[in-house]
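Visitor: Please see the structure below; I have some questions.
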There are 2 protein chains.
Amino acid sequence: MLHIVEALSHNTIGQMAVMVGVIGLVIALAVYTRITFFSTGTAKMKEISDKIHSGAMAFLKAEYARVFVFVLIVAGLLHYGLGQDYAISFGFGAVCSALAGFIGMKAATKGNVRTTAAAKDHGKAAALRVSFLSGGVMGLSVASLGLLGLGILYGCYGQSVETVHVILGFSMGASSIALFSRVGGGIYTKAADVGADLVGKVEAGIPEDDPRNPGVIADNVGDNVGDVAGMGADIFESNVGAIIAAITLAATMSIDTIAQYFGSSDQRLVLMGLPLALSMVGFAASVIGVLGMKWFSKLKPVKALEVSDILTYVLFIGGSACLISSLNLGWNPFYALLSGSLAGWLIGKVTFYYTSSKPVYKIAHASKTGPATNVIAGLAVGMESAAIPLLLIAAAIFASFNFGGLYGIALAAVGMLSTVGQTMTVDACGPVADNAGGIAEMAALPKKVRDVTDELDALGNTTAATGKGFAIGSAALTALSLFVAYRQAIEYTIGTNFVIDVTNPEVIIGLFLGAMGVMLAAAMTMNSVGKAAGAMVAEIRRQFKEIKGLLKGEKGVEPDTERCVAISTKAALNEMILPGLIAIFLPVAVGYGLGAAALGGLLAGSLVTGVVLALFMANAGGAWDNAKKFIEAGHIKGEKKGSHSHSAAVIGDTVGDPFKDTTGPAMNILVKVMAIVSLMIVPLITK
Amino acid sequence: MLHIVEALSHNTIGQMAVMVGVIGLVIALAVYTRITFFSTGTAKMKEISDKIHSGAMAFLKAEYARVFVFVLIVAGLLHYGLGQDYAISFGFGAVCSALAGFIGMKAATKGNVRTTAAAKDHGKAAALRVSFLSGGVMGLSVASLGLLGLGILYGCYGQSVETVHVILGFSMGASSIALFSRVGGGIYTKAADVGADLVGKVEAGIPEDDPRNPGVIADNVGDNVGDVAGMGADIFESNVGAIIAAITLAATMSIDTIAQYFGSSDQRLVLMGLPLALSMVGFAASVIGVLGMKWFSKLKPVKALEVSDILTYVLFIGGSACLISSLNLGWNPFYALLSGSLAGWLIGKVTFYYTSSKPVYKIAHASKTGPATNVIAGLAVGMESAAIPLLLIAAAIFASFNFGGLYGIALAAVGMLSTVGQTMTVDACGPVADNAGGIAEMAALPKKVRDVTDELDALGNTTAATGKGFAIGSAALTALSLFVAYRQAIEYTIGTNFVIDVTNPEVIIGLFLGAMGVMLAAAMTMNSVGKAAGAMVAEIRRQFKEIKGLLKGEKGVEPDTERCVAISTKAALNEMILPGLIAIFLPVAVGYGLGAAALGGLLAGSLVTGVVLALFMANAGGAWDNAKKFIEAGHIKGEKKGSHSHSAAVIGDTVGDPFKDTTGPAMNILVKVMAIVSLMIVPLITK
């Protein structure tokens with residue numbers, strides 16, 4: 001018992017995290033190597049997948065090149081304002097996040113064609129396994145790089161309350177990459193998707209992923225840069241953000257508070273080490289869940305994912321209980337943790353309900369009176385769907401605060417996020433399956449292959465919806481933890497009580513400005529998708545018109561897919577800048593211009609409106625998507641693919657695309673970035 | 001000089017308000033009588049207008065009958081919880097608001113056919129004058145009844161800080177009526193409008209207001225119950241809410257604060273009387289602006305309204321400056337007032353820009369690639385349009401607080417609302433002109449008549465958009481004033497400092513619950529419109545199918561318009577209940593269950609999300625509407641009425657209908673009702 005406590009209170013915990021992180025990366029590498037041994041199928045399949053791979057990698061490189069400039073500038077500013085250590089910590093966070101995105105994309109774009117081949121040669125179970133392992137590389141990398149990076153920094157700065165603030169730089173670095181990856185990836189994927197669908201499916205009446213469609217490669221690249229790299233960076237940053245918020249809160253909370261919730265007042269170092277330790281427990285559980293798929297994949301896909309999920313969760317909860325019980329802190333930290341992971345799980349269930357059950361039927365039904373009523377119904381479902389998750393977040397705050405004060409709230413976030421290795425794996429295997437289906441269609445493989453990939457893709461859509469709910473819930477709790485850490489850091493710095501009274505006019509102004517920032521960023525990202533999709537539509541129409549024989553499918557006539565890839569890439573890179581700058585510079589401007597209280601108001605305003613928008617948009621988008629599929633599956637009497645109702649549902653689905661994959665997810669990051677930036681600049685604005 | 005100060009500090013100000021209110025009502029009655037003398041045109045016109053009149057009155061009666069039960073119950077609860085005075089004050093507020101709605105509707109439904117007749121017989125200037133006078137009855141009644149009611153209550157309770165809290169009941173009574181009028185009226189009008197358009201314009205291809213369409217009477221009734229009665233109740237309640245918040249803040253602010261902002265510490269009674277006095281100045285200015293239309297109506301309609309507007313505004317500002325300069329308070333109150341009215345004016349301008357300028361062109365342009373891109377563009381415009389008004393509200397808060405503390409913020413709201421007699425007149429003449437056009441179409445009058453009413457209608461659409469921006473801005477400042485009054489009332493009651501710290505978990509929970517309430521109410525109202533419109537579509541389709549010769553326009557074949565009126569009425573009455581209950585009981589539940597701090601959080605959360613949604617929805621709706629008209633007017637090359645782009649724009653416009661006329665406006669009231677209810681129950685939750 002004693003040496004666990006010892007380990008947590010000393011550098012050992014940092015070293016252990018580094019060790020676990022390295023082991024994790026080795027496992028991820030092994031899994032990646034294993035994937036490359038699977039067959040890539042026919043030459044045509046290989047050719048298509050190479051195009052997707054090189055498009056995705058080219059985008060990532062171009063994106064990182066731009067972001068690198070931004071990281072350099074911000075690192076310079078941090079160096080100037082807060083000192084060298086912050087700049088290094090920041091850069092390190094950016095590098096780790098970018099690396100996780102790079103590895104995950106690499107694996108996903110290798111895994112897609114191998115999933116198709118496995119479906120062709122060996123059937124469903126094999127295809128599931130390949131796609132799951134491809135997602136697993138991302139999942140394990142995200143978790144390992146988090147542990148590795150935080151372990152190193154904790155070893156350097158974690159032992160003193162004075163220096164622990166430096167670690168925040170890591171989170172801010174991760175946020176910056178996440179911000180651009182999410183926004184850029186989101187714009188990329190939806191510009192391509194909306195553009196390809198509008199001309200291909202709606203105007204020309206050819207199926208999705210038809211090889212004649214010039215936008216189809218860009219669309220498949222988009223799945224990778226949006227749903228793999230973007231989502232990965234988002235979750236990476238929530239994970240490290242939650243851990244760092246918990247560490248900061250443990251470092252700055254008063255001795256009385258420690259004694260009140262955790263028995264005795266000399267537990268500070270243990271409490272600081274606990275989040276990292278929990279994260280390691282979650283990591284171990286995730287590895288078992290991911291690698292166990294070797295056996296589960298014989299079950300039905302839906303069951304297999306469920307078993308892997310539940311196993312991971314049970315192992316994590318059991319392991320955490322053992323760990324916490326050995327630390328002499330009482331059971332309070334465990335309950336706080338539990339309330340967070342329970343809320344996360346329930347939010348996933350609510351999301352699942354709103355994007356697959358009665359509300360979807362309602363939208364499908366409303367399609368009978370045309371696109372307008374379909375859109376109205378979808379918007380109403382989205383708004384309604386925000387209510388219960390907001391209640392659940394409120395309940396998690398209530399419970400976790402009760403069990404561990406402000407630190408308890410951060411532990412709840414850690415509880416949601418510790419099994420990130422597993423969660424991220426499940427999330428990432430969706431786009432891999434989606435791509436696999438696209439490759440099957442483009443390579444004109446037999447229907448039975450497409451049936452397998454379709455089943456996996458449908459499963460992927462469901463897990464994506466649940467994953468989005470989870471991403472929002474965890475982002476909300478992480479942002480909130482950073483927010484309360486913000487106040488505590490101010491009090492620690494100025495040495496007296498600091499109040500952010502919400503009826504104080506400065507705070508109210510901040511509240512309105514926070515909402516303003518959120519609405520502006522939302523408008524910009526929606527606009528970007530609209531604009532870029534418009535450009536894509538024009539290009540695809542041009543090709544259909546000018547390239548003779550293309551639409552008729554004449555032999556040897558091929559679309560110019562690279563031009564479409566270039567359009568998406570350019571749009572994403574240009575349009576991601578402005579929303580990114582808002583997220584980073586609005587808090588700085590308000591902090592310097594109006595003071596720390598107004599900045600607190602800004603955080604509250606952006607948090608509440610950002611979370612509301614994220615929930616509304618993600619769920620409305622998911623519900624629209626499935627309402628369309630519901631009609632296609634013949635569940636609405638007298639209506640089928642191509643009917644009047646179906647066209648209405650396709651329009652709703654298209655409106656939902658930027659909702660669920662661009663603007664909604666961008667809100668997650670926005671609230672986190674604003675919170676981490678504010679927390680970083682506390683020493684500057686309280687001078 | 002001295003006797004003005006004397007008057008403000010004594011009962012005299014209450015008596016004066018009563019007197020001015022009575023004079024105002026007499027003028028309104030005279031104007032109403034004048035209107036009835038105008039010609040009603042042909043027998044057919046009279047018949048149509050009688051149908052609209054009786055439909056509107058029947059709805060209002062049914063609505064008031066239901067609301068009466070609600071008012072009785074709440075009055076009983078207030079009697080039980082806070083005493084008889086509160087119950088009476090509440091009931092009185094409800095009666096005054098209902099009376100204003102009744103008088104306004106009566107005048108509007110008399111004025112519509114007379115506007116058509118004036119257009120037919122005497123041309124544009126005469127038609128403008130009749131419609132403006134009809135709106136004027138509403139405007140003058142709203143202002144007069146506010147003064148009358150508040151004057152009586154101020155006379156009874158305003159002289160002592162202990163009893164002034166009772167006056168809040170008046171505001172809550174007004175809120176309750178406003179809540180149901182806005183929500184019920186909003187659902188009514190859009191169910192009818194969406195339903196009639198979807199079958200009439202889109203499916204059957206017959207023009208708007210075509211007499212063959214069975215939904216057309218319901219649609220015209222809807223304009224009255226939504227845009228006249230609903231809007232009137234909304235503004236009535238903002239006006240009395242702002243005045244009462246200012247009185248309450250003056251009554252409970254500390255002596256030091258008074259001395260700090262207003263020179264000497266013995267000014268409390270003068271400050272309490274000032275809002276009523278300003279309201280009288282605004283009223284006098286409005287009467288001149290409204291009656292002056294007799295001369296202005298010779299100008300071009302757009303100019304005429306502008307002159308009337310500017311005249312009123314200049315008179316009010318000048319009068320206020322004279323009044324305030326005579327009170328020995330310094331110029332601070334004047335600047336606070338000015339910052340509010342300036343912000344209100346600018347918000348109107350911004351709304352005008354977003355609903356009539358470049359953004360509209362962008363939406364119209366996006367229609368070329370179909371309904372999906374039209375909807376995406378509209379949503380983006382709506383989101384963006386919220387940014388600058390939020391900034392302006394923040395600026396108004398900053399300035400007015402600077403000049404008068406929390407009381408200054410309430411004075412800013414009073415400044416926005418004092419010329420309510422004029423503002424409301426302009427707002428109400430829009431739906432009168434709209435109805436006038438409908439009657440011209442249904443009575444098959446010559447095109448030149450329709451041209452005149454169309455011009456007035458277009459003008460009405462513009463003033464409606466500006467009016468909506470104004471309604472939101474004033475609702476935000478009023479709710480905010482009530483919110484800060486809430487905290488000050490708590491401090492006054494408990495006798496010590498009370499903090500609503502936004503990082504306190506209870507407050508955060510309140511924040512999320514406030515956002516939840518807003519999203520739920522928004523979802524419900526959107527859903528209600530969707531459902532009711534669906535029922536309307538089914539009924540209209542049935543009539544077109546079953547009533548032989550109806551669509552062909554055979555002589556003697558008439559649609560069953562009463563059934564459509566009944567559908568709208570029933571839907572509105574049933575569906576208004578639940579959102580109404582949320583607004584009233586959520587604050588009570590949070591206040592009792594989680595305490596005063598959490599309730600403060602709830603108010604902040606509902607305020608910020610409610611205002612954001614209101615701006616987003618109202619402006620998106622207005623922009624969609626005008627994008628459609630923009631295409632109809634031939635401003636997009638190669639596109640016109642009936643083209644591919646136009647159909648897309650009609651779909652966007654239909655989505656925007658519940659946005660701008662149901663859910664968006666409902667948000668205004670929601671935030672005000674929550675604030676006033678919270679302020680009312682302060683004595684109960686601080687016990």
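Simple scheme: letters A, B, ... for chains in structure tokens order, numbers from 1 for residues in each chain, numbers from 1 for ligands in the order shown.
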Please provide the set of residues having any atom within 7 Å of range 354-367 of chain B, restricted to only C-alpha atoms, with same-chain residues fewer than 6 positions apart removed, written as a list of chain:residue names.

Guide: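 Here the answer would be B:Thr373, B:Asn374, B:Ala377, B:Gly378, B:Val381, B:Ser385, B:Asn619, B:Gly622, B:Ala623, B:Asn626, B:Ala627, B:Lys628, B:Phe630, B:Ile631, B:Ser645, B:Ala648, B:Ala649.
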
Visitor: Using only C-alpha atoms, which chain A residues lie at most 6 Å away from chain B, written as a PyMOL selection string?

Guide: chain A and resi 372+376+380+383-384+387+390+394+484+499-503+509+512+516+519-520+523+526-527+651+654-655

Visitor: Find the residue from B:Ala94, B:Val22, B:Ala443, B:Val216 that sits nearest to Glu562 in chain B; use only C-alpha atoms when measuring.

Guide: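 For Glu562 in chain B, the nearest of the given residues is B:Val216.
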
Visitor: Need to verify the contact set: Tyr64 in chain A, 9 Å, only C-alpha atoms, exclusion of same-chain residues closer than 5 positions in sequence. Can you return it as a JSON list (two decimals) with C-alpha atoms, in the first residue's frame?

Guide:
```json
[["chain", "number", "residue", "atom", "x", "y", "z"],
["A", 59, "PHE", "CA", -3.54, 17.62, -46.67],
["A", 69, "VAL", "CA", 3.99, 28.87, -38.29],
["A", 98, "ALA", "CA", 0.17, 16.31, -34.38],
["A", 177, "ILE", "CA", -3.51, 21.46, -33.10],
["A", 181, "SER", "CA", -7.48, 19.85, -37.20]]
```

Visitor: Leaving out Cys156 in chain A and any residue of its chain fewer than 3 positions from it, which residues lie within 10 Å of it when counting only C-alpha atoms, given as a list in words?

Guide: Asn11, Gly14, Leu150, Gly151, Ile152, Leu153, Gln159, Ser160, Thr163, Val164, Val166 and Ile167 of chain A

Visitor: Would you mind exporting C-alpha atoms of the selected residues as a PDB file, in the first residue's frame?

Guide:
```pdb
ATOM      1  CA  ASN A  11       8.604  11.671  -9.510  1.00  0.00           C
ATOM      2  CA  GLY A  14       5.862  10.690 -14.030  1.00  0.00           C
ATOM      3  CA  LEU A 150       2.352  14.442 -19.489  1.00  0.00           C
ATOM      4  CA  GLY A 151       4.728  11.987 -17.785  1.00  0.00           C
ATOM      5  CA  ILE A 152       7.784  13.869 -18.976  1.00  0.00           C
ATOM      6  CA  LEU A 153       6.357  17.256 -18.013  1.00  0.00           C
ATOM      7  CA  GLN A 159       6.652  18.305  -7.939  1.00  0.00           C
ATOM      8  CA  SER A 160       6.182  21.904  -6.976  1.00  0.00           C
ATOM      9  CA  THR A 163       6.010  25.138 -11.504  1.00  0.00           C
ATOM     10  CA  VAL A 164       3.005  22.916 -12.159  1.00  0.00           C
ATOM     11  CA  VAL A 166       3.925  25.199 -16.805  1.00  0.00           C
ATOM     12  CA  ILE A 167       2.282  21.894 -17.737  1.00  0.00           C
TER      13      ILE A 167
END
```

Visitor: Enumerate the residues of range 487-684 of chain A with a DSSP assignment of alpha helix (DSSP H), computed from the backbone, and present them as a VMD selection string.

Guide: chain A and resid 487 to 494 505 to 546 561 to 575 577 to 594 596 to 632 644 to 658 664 to 680 682 to 684

Visitor: Got a sec: who's within 6 Å of Ser144 in chain A, counting only C-alpha atoms, leaving out chain neighbours fewer than 5 positions off, as a PyMOL selection string?

Guide: chain A and resi 21+24-25

Visitor: Need the shell around range 427-437 of chain B: protein/DNA/RNA residues with any atom at most 6 Å away, counting only C-alpha atoms. Skip same-chain ones fewer than 4 positions apart. Format as a PyMOL selection string?

Guide: chain B and resi 108+112-113+115-116+131-132+135+220+223+228+450+453+456-457+460+464

Visitor: Got time to write the residues from that selection, all heavy atoms, as a compact mmCIF listing (two decimals), in the first residue's frame?

Guide:
```txt
# COMPACT_ATOMS: atom_id res chain seq x y z
N ALA B 108 -56.95 46.60 -35.40
CA ALA B 108 -56.25 46.07 -36.57
C ALA B 108 -57.21 45.36 -37.50
O ALA B 108 -57.11 45.48 -38.72
CB ALA B 108 -55.14 45.11 -36.13
N ASN B 112 -57.83 46.77 -41.38
CA ASN B 112 -57.32 46.10 -42.58
C ASN B 112 -58.17 46.38 -43.82
O ASN B 112 -57.68 46.86 -44.84
CB ASN B 112 -57.16 44.59 -42.33
CG ASN B 112 -58.42 43.94 -41.78
OD1 ASN B 112 -59.50 44.53 -41.79
ND2 ASN B 112 -58.28 42.71 -41.30
N VAL B 113 -59.49 46.13 -43.72
CA VAL B 113 -60.35 46.29 -44.89
C VAL B 113 -60.46 47.76 -45.29
O VAL B 113 -60.57 48.11 -46.47
CB VAL B 113 -61.74 45.67 -44.64
CG1 VAL B 113 -62.49 46.44 -43.55
CG2 VAL B 113 -62.56 45.63 -45.91
N THR B 115 -58.08 49.90 -44.98
CA THR B 115 -56.85 50.22 -45.71
C THR B 115 -57.00 49.81 -47.17
O THR B 115 -56.62 50.57 -48.08
CB THR B 115 -55.66 49.47 -45.08
OG1 THR B 115 -55.57 49.85 -43.70
CG2 THR B 115 -54.35 49.80 -45.77
N THR B 116 -57.56 48.61 -47.39
CA THR B 116 -57.78 48.17 -48.77
C THR B 116 -58.70 49.16 -49.50
O THR B 116 -58.42 49.55 -50.65
CB THR B 116 -58.46 46.78 -48.79
OG1 THR B 116 -57.90 45.97 -47.77
CG2 THR B 116 -58.28 46.10 -50.13
N SER B 131 -53.75 52.56 -42.28
CA SER B 131 -53.04 51.45 -41.64
C SER B 131 -52.24 51.96 -40.45
O SER B 131 -52.16 51.32 -39.40
CB SER B 131 -52.12 50.74 -42.64
OG SER B 131 -51.05 51.57 -43.01
N PHE B 132 -51.67 53.16 -40.60
CA PHE B 132 -50.87 53.71 -39.51
C PHE B 132 -51.75 54.04 -38.31
O PHE B 132 -51.39 53.76 -37.16
CB PHE B 132 -50.15 54.97 -40.00
CG PHE B 132 -49.08 55.44 -39.08
CD1 PHE B 132 -47.82 54.86 -39.09
CD2 PHE B 132 -49.33 56.46 -38.17
CE1 PHE B 132 -46.83 55.28 -38.23
CE2 PHE B 132 -48.33 56.89 -37.30
CZ PHE B 132 -47.08 56.30 -37.34
N GLY B 135 -52.60 50.88 -36.48
CA GLY B 135 -51.48 50.50 -35.62
C GLY B 135 -51.40 51.43 -34.41
O GLY B 135 -51.07 51.00 -33.30
N ASN B 220 -54.58 34.94 -42.54
CA ASN B 220 -54.78 36.36 -42.26
C ASN B 220 -55.15 36.62 -40.80
O ASN B 220 -54.74 37.62 -40.21
CB ASN B 220 -55.84 36.95 -43.19
CG ASN B 220 -55.26 37.31 -44.55
OD1 ASN B 220 -54.61 38.34 -44.69
ND2 ASN B 220 -55.44 36.43 -45.53
N ASP B 223 -51.88 36.66 -38.83
CA ASP B 223 -51.11 37.90 -38.80
C ASP B 223 -51.54 38.77 -37.63
O ASP B 223 -50.73 39.44 -37.00
CB ASP B 223 -51.33 38.68 -40.11
CG ASP B 223 -50.68 37.97 -41.29
OD1 ASP B 223 -49.80 37.12 -41.06
OD2 ASP B 223 -51.07 38.26 -42.43
N VAL B 228 -49.86 41.29 -34.13
CA VAL B 228 -50.45 42.42 -33.41
C VAL B 228 -50.56 42.09 -31.92
O VAL B 228 -49.86 42.66 -31.09
CB VAL B 228 -51.83 42.81 -33.99
CG1 VAL B 228 -52.42 43.97 -33.21
CG2 VAL B 228 -51.70 43.19 -35.45
N ARG B 450 -53.70 46.17 -55.41
CA ARG B 450 -52.74 45.24 -54.83
C ARG B 450 -51.34 45.85 -54.84
O ARG B 450 -50.55 45.63 -53.93
CB ARG B 450 -52.80 43.93 -55.65
CG ARG B 450 -51.92 42.79 -55.16
CD ARG B 450 -52.52 42.04 -54.00
NE ARG B 450 -51.47 41.63 -53.08
CZ ARG B 450 -51.52 40.57 -52.30
NH1 ARG B 450 -52.58 39.79 -52.28
NH2 ARG B 450 -50.53 40.27 -51.50
N THR B 453 -51.08 48.04 -51.79
CA THR B 453 -50.97 47.29 -50.53
C THR B 453 -49.65 46.52 -50.50
O THR B 453 -49.05 46.36 -49.44
CB THR B 453 -52.15 46.31 -50.36
OG1 THR B 453 -52.18 45.42 -51.47
CG2 THR B 453 -53.46 47.04 -50.23
N LEU B 456 -46.99 48.84 -49.25
CA LEU B 456 -47.11 49.02 -47.80
C LEU B 456 -46.66 47.75 -47.07
O LEU B 456 -46.01 47.81 -46.03
CB LEU B 456 -48.56 49.34 -47.41
CG LEU B 456 -49.13 50.68 -47.87
CD1 LEU B 456 -50.51 50.88 -47.27
CD2 LEU B 456 -48.21 51.82 -47.46
N ASP B 457 -47.01 46.60 -47.64
CA ASP B 457 -46.65 45.33 -47.02
C ASP B 457 -45.14 45.16 -46.97
O ASP B 457 -44.56 44.75 -45.95
CB ASP B 457 -47.30 44.18 -47.80
CG ASP B 457 -47.07 42.84 -47.13
OD1 ASP B 457 -46.81 42.82 -45.91
OD2 ASP B 457 -47.16 41.81 -47.82
N GLY B 460 -43.87 47.14 -44.43
CA GLY B 460 -44.20 46.49 -43.16
C GLY B 460 -43.21 45.38 -42.82
O GLY B 460 -42.83 45.23 -41.66
N ALA B 464 -41.02 45.31 -39.62
CA ALA B 464 -41.18 44.16 -38.73
C ALA B 464 -39.82 43.60 -38.34
O ALA B 464 -39.58 43.27 -37.18
CB ALA B 464 -42.01 43.08 -39.41
```

Visitor: Give me the residues within 7 Å of Pro333 in chain B as a list in words, counting only C-alpha atoms and dropping any in the same chain fewer than 3 places off.

Guide: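 Here the qualifying residues turn out to be Ala336, Leu337, Phe403, Gly404 and Gly408 of chain B.
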
Visitor: Just the selected residues (all heavy atoms), exported as a PDB file, in the first residue's frame, please.

Guide:
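Listed below is the output, out36.pdb:
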```pdb
ATOM      1  N   ALA B 336     -26.979  57.421 -19.382  1.00  0.00           N
ATOM      2  CA  ALA B 336     -27.377  56.014 -19.277  1.00  0.00           C
ATOM      3  C   ALA B 336     -28.569  55.735 -20.200  1.00  0.00           C
ATOM      4  O   ALA B 336     -28.587  54.764 -20.959  1.00  0.00           O
ATOM      5  CB  ALA B 336     -27.737  55.670 -17.830  1.00  0.00           C
ATOM      6  N   LEU B 337     -29.539  56.654 -20.130  1.00  0.00           N
ATOM      7  CA  LEU B 337     -30.732  56.564 -20.973  1.00  0.00           C
ATOM      8  C   LEU B 337     -30.348  56.561 -22.444  1.00  0.00           C
ATOM      9  O   LEU B 337     -30.815  55.746 -23.250  1.00  0.00           O
ATOM     10  CB  LEU B 337     -31.580  57.798 -20.671  1.00  0.00           C
ATOM     11  CG  LEU B 337     -32.932  57.940 -21.321  1.00  0.00           C
ATOM     12  CD1 LEU B 337     -33.955  57.238 -20.452  1.00  0.00           C
ATOM     13  CD2 LEU B 337     -33.301  59.406 -21.448  1.00  0.00           C
ATOM     14  N   PHE B 403     -22.426  55.009 -16.057  1.00  0.00           N
ATOM     15  CA  PHE B 403     -23.095  56.276 -15.749  1.00  0.00           C
ATOM     16  C   PHE B 403     -24.096  56.172 -14.604  1.00  0.00           C
ATOM     17  O   PHE B 403     -24.505  57.176 -14.062  1.00  0.00           O
ATOM     18  CB  PHE B 403     -23.812  56.819 -16.992  1.00  0.00           C
ATOM     19  CG  PHE B 403     -22.873  57.280 -18.057  1.00  0.00           C
ATOM     20  CD1 PHE B 403     -22.893  56.714 -19.316  1.00  0.00           C
ATOM     21  CD2 PHE B 403     -21.943  58.277 -17.787  1.00  0.00           C
ATOM     22  CE1 PHE B 403     -22.022  57.143 -20.303  1.00  0.00           C
ATOM     23  CE2 PHE B 403     -21.060  58.710 -18.769  1.00  0.00           C
ATOM     24  CZ  PHE B 403     -21.098  58.133 -20.025  1.00  0.00           C
ATOM     25  N   GLY B 404     -24.530  54.976 -14.262  1.00  0.00           N
ATOM     26  CA  GLY B 404     -25.554  54.939 -13.217  1.00  0.00           C
ATOM     27  C   GLY B 404     -25.613  53.644 -12.437  1.00  0.00           C
ATOM     28  O   GLY B 404     -26.650  53.317 -11.857  1.00  0.00           O
ATOM     29  N   GLY B 408     -28.455  52.334 -13.671  1.00  0.00           N
ATOM     30  CA  GLY B 408     -28.188  52.866 -15.005  1.00  0.00           C
ATOM     31  C   GLY B 408     -28.569  51.871 -16.089  1.00  0.00           C
ATOM     32  O   GLY B 408     -29.099  52.248 -17.139  1.00  0.00           O
TER      33      GLY B 408
END
```

Visitor: Just to confirm, what's the straight-line distance from CA of Ala465 in chain B to CA of Pro214 in chain B in Å (one decimal)?

Guide: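 Distance reported for this atom pair: 28.1 Å.
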